[in-house]
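Visitor: Got a structure for you, written out below as structure tokens; questions coming shortly.
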Amino acid sequence: MNESVRKTKYLTEAAAAAAIASLLVLLKLLAPFLVFVTMTASPIPIAVICDFHGMKWGFGTSAGVVILVTMIGGPEIGLTTAFYAGALGMAMGYGFLHKMSYGKTLCLTILAYIPVSYTHLRAHETKAN
């Protein structure tokens, strides 16, 4: 496959994954009772891109999700919740890319969840004050 065709294919897949992840993040605004489901599912498209195309493409997809959600849902959602989805997707994708066991990938994702959830909590406390 031609190099430019391959890069175009990767870019198209990454853009589709960013759109899906963004929709899942924004769905929490419409259906707050489904927040657990949407926030569990939103990192998966980013992890798939990391697994298939590498961490560079996964990082770009994460940045795309943050930008899209910030533009559509506002900075409160984009800089907290979308960043959360991007970081967890990158951690999950790293585990899948390096063929780690599911247990190790889960532990890696949990380790990424701790600082991200702390900063997410601090952002909501700052917003409340």
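Going by the structure tokens order, chains are called A, B, ..., each with residues numbered from 1, while ligands are numbered from 1 in the order shown.
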Residues within 12 Å of stretch 49-59 of chain A, please, as a PyMOL selection string. Count only C-alpha atoms; anything in the same chain fewer than 5 positions from it doesn't count.
Guide: chain A and resi 6-18+20-21+43-44+64-66+83+85-100
Visitor: Go through A:Ile114, A:Arg122, A:Ile67, A:Ala31 and flag the residue nearest A:Leu79, using only C-alpha atoms for the distances.
Guide: A:Ile67
Visitor: Give me, please, the distance in Å between atom CA of A:Val25 and atom CA of A:Tyr118, quoted to one decimal.
Guide: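 Straight-line distance from atom CA of A:Val25 to atom CA of A:Tyr118 works out to 18.3 Å.
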Visitor: Out of A:Val116, A:Ala63, A:Leu26, A:Met71, which residue has the shortest atom-to-atom distance to A:Ile46 when counting only C-alpha atoms?
Guide: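 Closest residue, counting only C-alpha atoms: A:Ala63.
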Visitor: What is the atom CA of A:Thr40 to atom CA of A:Tyr113 distance in Å?
Guide: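 If I compute the distance from atom CA of A:Thr40 to atom CA of A:Tyr113, I get 11.4 Å.
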Visitor: Could you check the closest approach to A:Leu68 for each of A:Ala82, A:Leu30, A:Tyr102, A:Ala47 and tell me which residue wins, using only C-alpha atoms?
Guide: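 Looking only at the distances to A:Leu68, the closest residue turns out to be A:Ala82.
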Visitor: Just how far from atom CA of A:Gly74 is atom CA of A:Leu108, in Å to one decimal?
Guide: 29.3 Å
Visitor: Residues within 9 Å of A:Leu24, please, as a list in words. Count only C-alpha atoms; anything in the same chain fewer than 5 positions from it doesn't count.
Guide: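 With the cut-off at 9 Å, the set is Ala19, Val37, Thr38, Met39, Ala41 and Ser42 of chain A.
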